[in-house]
Structures are given as structure tokens and as C-alpha cells.
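Visitor: For reference, this is run_39.cif, and it has mmCIF, C-alpha atoms.
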data_input
loop_
_atom_site.label_atom_id
_atom_site.label_comp_id
_atom_site.auth_asym_id
_atom_site.auth_seq_id
_atom_site.Cartn_x
_atom_site.Cartn_y
_atom_site.Cartn_z
CA ILE A 1 19.00 -22.48 26.57
CA ASN A 2 16.92 -19.49 27.59
CA ALA A 3 13.73 -18.30 25.90
CA GLU A 4 15.32 -15.16 24.41
CA TYR A 5 18.05 -17.19 22.73
CA MET A 6 15.47 -19.63 21.36
CA GLY A 7 13.43 -16.71 20.05
CA VAL A 8 16.41 -15.35 18.14
CA LEU A 9 17.22 -18.80 16.73
CA SER A 10 13.60 -19.26 15.69
CA MET A 11 13.62 -15.86 13.98
CA ALA A 12 16.85 -16.68 12.14
CA LEU A 13 15.45 -19.99 10.91
CA LYS A 14 12.27 -18.33 9.65
CA LEU A 15 14.32 -15.59 8.01
CA ALA A 16 16.34 -18.21 6.13
CA ASN A 17 13.11 -19.93 5.08
CA VAL A 18 11.61 -16.81 3.49
CA SER A 19 14.86 -15.15 2.38
CA ASN A 20 14.53 -15.78 -1.36
CA CYS A 21 12.47 -12.65 -1.90
CA ALA A 22 15.29 -10.55 -0.42
CA ARG A 23 17.97 -11.86 -2.78
CA PRO A 24 19.21 -9.83 -5.76
CA THR A 25 16.43 -9.68 -8.34
CA ALA A 26 17.95 -12.02 -10.95
CA MET A 27 18.57 -14.71 -8.34
CA TYR A 28 15.19 -14.12 -6.69
CA LEU A 29 13.36 -14.60 -10.00
CA LYS A 30 15.14 -17.93 -10.56
CA TRP A 31 13.94 -19.04 -7.13
CA VAL A 32 10.42 -17.86 -7.88
CA ASN A 33 10.34 -20.06 -10.98
CA CYS A 34 11.51 -23.07 -8.95
CA LEU A 35 8.99 -22.44 -6.17
CA VAL A 36 6.13 -21.86 -8.58
CA GLU A 37 6.88 -25.13 -10.35
CA GLU A 38 6.99 -26.95 -7.00
CA PHE A 39 3.63 -25.45 -6.02
CA TYR A 40 2.14 -26.32 -9.40
CA CYS A 41 3.31 -29.94 -9.04
CA GLN A 42 1.61 -30.07 -5.65
CA GLY A 43 -1.55 -28.68 -7.23
CA ASP A 44 -1.37 -31.24 -10.03
CA ILE A 45 -1.26 -34.05 -7.47
CA CYS A 46 -4.17 -32.55 -5.55
CA ARG A 47 -6.16 -32.29 -8.77
CA GLN A 48 -5.41 -35.93 -9.63
CA LEU A 49 -6.56 -36.97 -6.16
CA GLN A 50 -9.68 -34.82 -6.55
CA MET A 51 -8.62 -32.67 -3.61
CA PRO A 52 -8.93 -28.89 -3.44
CA VAL A 53 -6.19 -26.95 -5.26
CA PHE A 54 -5.06 -23.73 -3.59
CA PRO A 55 -4.94 -20.73 -5.95
CA PHE A 56 -1.12 -20.46 -5.77
CA GLN A 57 -0.90 -24.15 -6.79
CA ASP A 58 -3.15 -23.87 -9.84
CA ARG A 59 -1.10 -23.94 -13.03
CA LEU A 60 -4.35 -23.66 -15.03
CA HIS A 61 -4.90 -20.17 -13.61
CA PRO A 62 -1.44 -18.72 -12.88
CA GLN A 63 -1.30 -15.61 -10.71
CA VAL A 64 2.42 -15.38 -9.88
CA ARG A 65 2.44 -11.57 -9.72
CA ARG A 66 -0.54 -11.49 -7.36
CA ASP A 67 0.85 -14.30 -5.21
CA GLN A 68 4.30 -12.75 -4.89
CA LEU A 69 2.89 -9.35 -3.96
CA ALA A 70 0.57 -10.94 -1.40
CA PHE A 71 3.46 -12.87 0.15
CA MET A 72 5.70 -9.81 0.25
CA ASN A 73 3.04 -7.50 1.68
CA GLY A 74 1.52 -9.98 4.11
CA THR A 75 4.52 -11.96 5.29
CA ALA A 76 7.98 -11.00 4.07
CA ILE A 77 8.05 -7.23 4.50
CA PRO A 78 6.44 -7.22 7.98
CA PHE A 79 8.70 -10.06 9.12
CA PHE A 80 11.90 -8.54 7.75
CA ALA A 81 10.95 -5.21 9.35
CA GLN A 82 10.58 -6.90 12.75
CA VAL A 83 13.86 -8.75 12.34
CA ALA A 84 15.61 -5.50 11.39
CA GLU A 85 14.42 -3.96 14.67
CA VAL A 86 16.20 -6.72 16.59
CA LEU A 87 19.12 -7.20 14.19
CA PRO A 88 19.83 -3.81 12.54
CA ASP A 89 22.55 -5.31 10.34
CA VAL A 90 19.85 -6.94 8.16
CA GLN A 91 18.11 -3.63 7.42
CA TRP A 92 19.60 -3.63 3.91
CA LEU A 93 17.58 -6.75 3.09
CA LEU A 94 14.42 -4.66 3.29
CA GLY A 95 15.74 -2.48 0.47
CA THR A 96 16.37 -5.49 -1.76
CA LEU A 97 12.98 -6.91 -0.87
CA LYS A 98 11.27 -3.66 -1.81
CA GLN A 99 13.15 -3.57 -5.14
CA ASN A 100 11.82 -7.04 -5.90
CA LYS A 101 8.33 -5.92 -4.92
CA GLU A 102 8.66 -3.05 -7.41
CA HIS A 103 9.48 -5.62 -10.11
CA TRP A 104 6.02 -7.14 -9.68
CA GLN A 105 4.24 -3.80 -9.28
CA GLU A 106 5.66 -2.60 -12.59
CA MET A 107 4.34 -5.62 -14.50
#
Just give me the structure of the file as C-alpha cells.
Guide:
Amino acid sequence: INAEYMGVLSMALKLANVSNCARPTAMYLKWVNCLVEEFYCQGDICRQLQMPVFPFQDRLHPQVRRDQLAFMNGTAIPFFAQVAEVLPDVQWLLGTLKQNKEHWQEM
């Protein structure tokens, strides 16, 4: 397997991993709730073990809006934009992603 092929496979795997924020809004928000609860459970365990709790894992100080916007601006949108340059057929995902970003901006 050549390096270019592996690069495309790696990109596709990462795209699948972060794809929830590019799903239709109703489905995306269901995933957000599941992910937030998973992160909070991790934070609860860290707190019980007297380990540091990352801000996105802290159910005592929820910041879902801030965290989602940070993820979209810092990771998802730049990554999806790069993928769309290589695979133009996924360009439409950027539109859905930006609609979901607007959901949080309007809150």
C-alpha cells in the first residue's frame, strides 16, 4: 500500500470519527448529548480519583456551547475544508456543519 493511499484512508477514518457535527441538526444534537454525558462520566471518575478534570468533562461547570464552538472552529471546520479539497463530493458536509455551528452561535 502506498503512502498516498494510506493518507486517504487515514483521512477517511478521522472524518468518520468527527462526523457527528456534520449530521443533520436533530441527529447531531442527540449525539452531542451522548458525548457530553460520556465526557462528564470520565470527569466524575477523575474527580473521584482526585485527578485533574478537563473543562469539557466538568459536569459541575457545563460549557457545552463553548466546547462545541471551539471544536467546530478549531478542529471540525478546518478538517472538513481540507477533506473537501481532496474529495469535493463531501463539500456539502461543510454546509451542514456550519448550520450546526449557527445553532450554538444563536444560543
Visitor: Would you give the centre and edge lengths, in Å to one decimal, of a box along x, y and z around the listed atoms of region 34-53 of chain A, with 3 Å added to each side, as AutoDock Vina command-line options?
Guide:
--center_x 0.9 --center_y -29.4 --center_z -6.9 --size_x 27.2 --size_y 21.1 --size_z 12.9
Visitor: Written as a PyMOL selection string, which residues does the PyMOL selection byres ((chain A and resi 57) around 7) give for the file shown?
Guide: chain A and resi 39-40+42-43+53-56+58-59
Visitor: Take the residues that were just selected and, keeping C-alpha atoms, output them as a PDB file, in the coordinates of the input.
Guide:
ATOM      1  CA  PHE A  39       3.630 -25.450  -6.020  1.00  0.00           C
ATOM      2  CA  TYR A  40       2.140 -26.320  -9.400  1.00  0.00           C
ATOM      3  CA  GLN A  42       1.610 -30.070  -5.650  1.00  0.00           C
ATOM      4  CA  GLY A  43      -1.550 -28.680  -7.230  1.00  0.00           C
ATOM      5  CA  VAL A  53      -6.190 -26.950  -5.260  1.00  0.00           C
ATOM      6  CA  PHE A  54      -5.060 -23.730  -3.590  1.00  0.00           C
ATOM      7  CA  PRO A  55      -4.940 -20.730  -5.950  1.00  0.00           C
ATOM      8  CA  PHE A  56      -1.120 -20.460  -5.770  1.00  0.00           C
ATOM      9  CA  ASP A  58      -3.150 -23.870  -9.840  1.00  0.00           C
ATOM     10  CA  ARG A  59      -1.100 -23.940 -13.030  1.00  0.00           C
TER      11      ARG A  59
END
Visitor: Between A:Asn2, A:Thr75, A:Thr96, A:Gln105, which is the closest to Asn17 (chain A) once you count all atoms listed in the file?
Guide: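 Going through A:Asn2, A:Thr75, A:Thr96, A:Gln105 one by one, the smallest distance to Asn17 (chain A) is for A:Thr75.
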Visitor: Starting from the shown file, work through the PyMOL selection byres ((chain A and resi 81) around 12) and note down what comes out as a list of chain:residue names.
Guide: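 Selection result, ordered by chain and number: A:Met11, A:Leu15, A:Ala22, A:Met72, A:Asn73, A:Gly74, A:Thr75, A:Ala76, A:Ile77, A:Pro78, A:Phe79, A:Phe80, A:Gln82, A:Val83, A:Ala84, A:Glu85, A:Val86, A:Leu87, A:Pro88, A:Asp89, A:Val90, A:Gln91, A:Trp92, A:Leu93, A:Leu94, A:Gly95, A:Leu97, A:Lys98.
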Visitor: Just C-alpha atoms for this one: save the residues we selected as a JSON list (two decimals), in the coordinates of the input.
Guide:
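Generated output (again.json):
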[["chain", "number", "residue", "atom", "x", "y", "z"],
["A", 11, "MET", "CA", 13.62, -15.86, 13.98],
["A", 15, "LEU", "CA", 14.32, -15.59, 8.01],
["A", 22, "ALA", "CA", 15.29, -10.55, -0.42],
["A", 72, "MET", "CA", 5.70, -9.81, 0.25],
["A", 73, "ASN", "CA", 3.04, -7.50, 1.68],
["A", 74, "GLY", "CA", 1.52, -9.98, 4.11],
["A", 75, "THR", "CA", 4.52, -11.96, 5.29],
["A", 76, "ALA", "CA", 7.98, -11.00, 4.07],
["A", 77, "ILE", "CA", 8.05, -7.23, 4.50],
["A", 78, "PRO", "CA", 6.44, -7.22, 7.98],
["A", 79, "PHE", "CA", 8.70, -10.06, 9.12],
["A", 80, "PHE", "CA", 11.90, -8.54, 7.75],
["A", 82, "GLN", "CA", 10.58, -6.90, 12.75],
["A", 83, "VAL", "CA", 13.86, -8.75, 12.34],
["A", 84, "ALA", "CA", 15.61, -5.50, 11.39],
["A", 85, "GLU", "CA", 14.42, -3.96, 14.67],
["A", 86, "VAL", "CA", 16.20, -6.72, 16.59],
["A", 87, "LEU", "CA", 19.12, -7.20, 14.19],
["A", 88, "PRO", "CA", 19.83, -3.81, 12.54],
["A", 89, "ASP", "CA", 22.55, -5.31, 10.34],
["A", 90, "VAL", "CA", 19.85, -6.94, 8.16],
["A", 91, "GLN", "CA", 18.11, -3.63, 7.42],
["A", 92, "TRP", "CA", 19.60, -3.63, 3.91],
["A", 93, "LEU", "CA", 17.58, -6.75, 3.09],
["A", 94, "LEU", "CA", 14.42, -4.66, 3.29],
["A", 95, "GLY", "CA", 15.74, -2.48, 0.47],
["A", 97, "LEU", "CA", 12.98, -6.91, -0.87],
["A", 98, "LYS", "CA", 11.27, -3.66, -1.81]]
Visitor: State, in Å with one decimal place, the distance from CA of Cys34 (chain A) to CA of Asn100 (chain A).
Guide: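 Those two atoms sit 16.3 Å apart.
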Visitor: Given the block above, output region 2-106 of chain A with C-alpha atoms as a short mmCIF file (atom, residue, chain, number, x, y, z; two decimals), in the first residue's frame.
Guide:
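Output saved as result.cif:
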data_model
loop_
_atom_site.label_atom_id
_atom_site.label_comp_id
_atom_site.auth_asym_id
_atom_site.auth_seq_id
_atom_site.Cartn_x
_atom_site.Cartn_y
_atom_site.Cartn_z
CA ASN A 2 1.48 3.34 -1.00
CA ALA A 3 1.69 6.44 1.20
CA GLU A 4 -0.95 8.39 -0.75
CA TYR A 5 -3.49 5.60 -0.34
CA MET A 6 -2.73 5.36 3.38
CA GLY A 7 -3.15 9.13 3.68
CA VAL A 8 -6.61 8.97 2.13
CA LEU A 9 -7.60 6.05 4.37
CA SER A 10 -6.33 7.92 7.42
CA MET A 11 -8.32 11.00 6.40
CA ALA A 12 -11.48 8.93 5.90
CA LEU A 13 -11.10 7.32 9.32
CA LYS A 14 -10.63 10.69 11.02
CA LEU A 15 -13.59 12.10 9.08
CA ALA A 16 -15.79 9.28 10.38
CA ASN A 17 -14.52 9.92 13.91
CA VAL A 18 -15.51 13.60 13.92
CA SER A 19 -18.52 13.36 11.60
CA ASN A 20 -21.25 13.83 14.20
CA CYS A 21 -21.07 17.61 13.97
CA ALA A 22 -21.84 17.41 10.24
CA ARG A 23 -25.01 15.36 10.64
CA PRO A 24 -28.48 16.93 10.35
CA THR A 25 -29.03 19.16 13.38
CA ALA A 26 -31.58 16.99 15.22
CA MET A 27 -29.35 13.92 14.94
CA TYR A 28 -26.23 15.93 15.77
CA LEU A 29 -27.79 17.28 18.98
CA LYS A 30 -28.66 13.74 20.10
CA TRP A 31 -25.01 12.78 19.59
CA VAL A 32 -23.86 15.85 21.48
CA ASN A 33 -25.93 14.79 24.48
CA CYS A 34 -24.42 11.29 24.37
CA LEU A 35 -20.87 12.61 24.03
CA VAL A 36 -21.31 15.18 26.77
CA GLU A 37 -22.60 12.52 29.15
CA GLU A 38 -19.63 10.28 28.28
CA PHE A 39 -17.21 13.15 28.95
CA TYR A 40 -18.96 14.00 32.21
CA CYS A 41 -18.69 10.37 33.35
CA GLN A 42 -14.97 10.48 32.62
CA GLY A 43 -14.72 13.70 34.62
CA ASP A 44 -16.64 12.14 37.50
CA ILE A 45 -14.14 9.29 37.63
CA CYS A 46 -11.21 11.70 37.51
CA ARG A 47 -12.75 13.71 40.34
CA GLN A 48 -13.23 10.55 42.44
CA LEU A 49 -9.59 9.61 41.83
CA GLN A 50 -8.53 13.16 42.72
CA MET A 51 -7.12 13.68 39.24
CA PRO A 52 -7.48 16.84 37.17
CA VAL A 53 -10.82 17.26 35.39
CA PHE A 54 -10.67 18.85 31.95
CA PRO A 55 -13.17 21.70 31.45
CA PHE A 56 -15.22 19.74 28.87
CA GLN A 57 -15.52 16.88 31.39
CA ASP A 58 -16.77 19.01 34.28
CA ARG A 59 -20.49 18.49 34.81
CA LEU A 60 -20.33 20.96 37.74
CA HIS A 61 -19.49 23.76 35.30
CA PRO A 62 -21.09 22.84 31.96
CA GLN A 63 -19.95 24.79 28.91
CA VAL A 64 -21.41 22.73 26.05
CA ARG A 65 -21.96 25.74 23.78
CA ARG A 66 -18.39 26.96 24.26
CA ASP A 67 -16.95 23.47 23.84
CA GLN A 68 -18.89 22.72 20.67
CA LEU A 69 -17.94 26.04 19.07
CA ALA A 70 -14.29 25.51 20.00
CA PHE A 71 -14.33 22.02 18.49
CA MET A 72 -16.03 23.21 15.31
CA ASN A 73 -13.79 26.23 14.84
CA GLY A 74 -10.54 24.58 15.85
CA THR A 75 -10.92 21.06 14.50
CA ALA A 76 -14.02 20.16 12.50
CA ILE A 77 -14.37 23.05 10.07
CA PRO A 78 -10.65 23.22 9.15
CA PHE A 79 -10.50 19.44 8.76
CA PHE A 80 -13.67 19.16 6.69
CA ALA A 81 -12.43 22.01 4.49
CA GLN A 82 -9.17 20.15 3.83
CA VAL A 83 -11.03 16.92 3.09
CA ALA A 84 -13.34 18.76 0.69
CA GLU A 85 -10.29 19.95 -1.26
CA VAL A 86 -9.25 16.34 -1.82
CA LEU A 87 -12.76 14.84 -2.02
CA PRO A 88 -15.07 17.51 -3.49
CA ASP A 89 -18.12 15.26 -3.09
CA VAL A 90 -18.08 15.92 0.69
CA GLN A 91 -18.28 19.71 0.27
CA TRP A 92 -21.96 19.63 1.28
CA LEU A 93 -20.94 18.42 4.75
CA LEU A 94 -19.37 21.83 5.38
CA GLY A 95 -22.78 23.43 4.87
CA THR A 96 -24.41 21.15 7.43
CA LEU A 97 -21.53 21.71 9.82
CA LYS A 98 -21.90 25.47 9.52
CA GLN A 99 -25.67 25.21 10.15
CA ASN A 100 -24.93 23.33 13.36
CA LYS A 101 -22.38 25.96 14.32
CA GLU A 102 -25.08 28.61 13.85
CA HIS A 103 -27.28 26.67 16.28
CA TRP A 104 -24.71 27.29 19.03
CA GLN A 105 -23.98 30.87 18.00
CA GLU A 106 -27.66 31.75 18.25
#
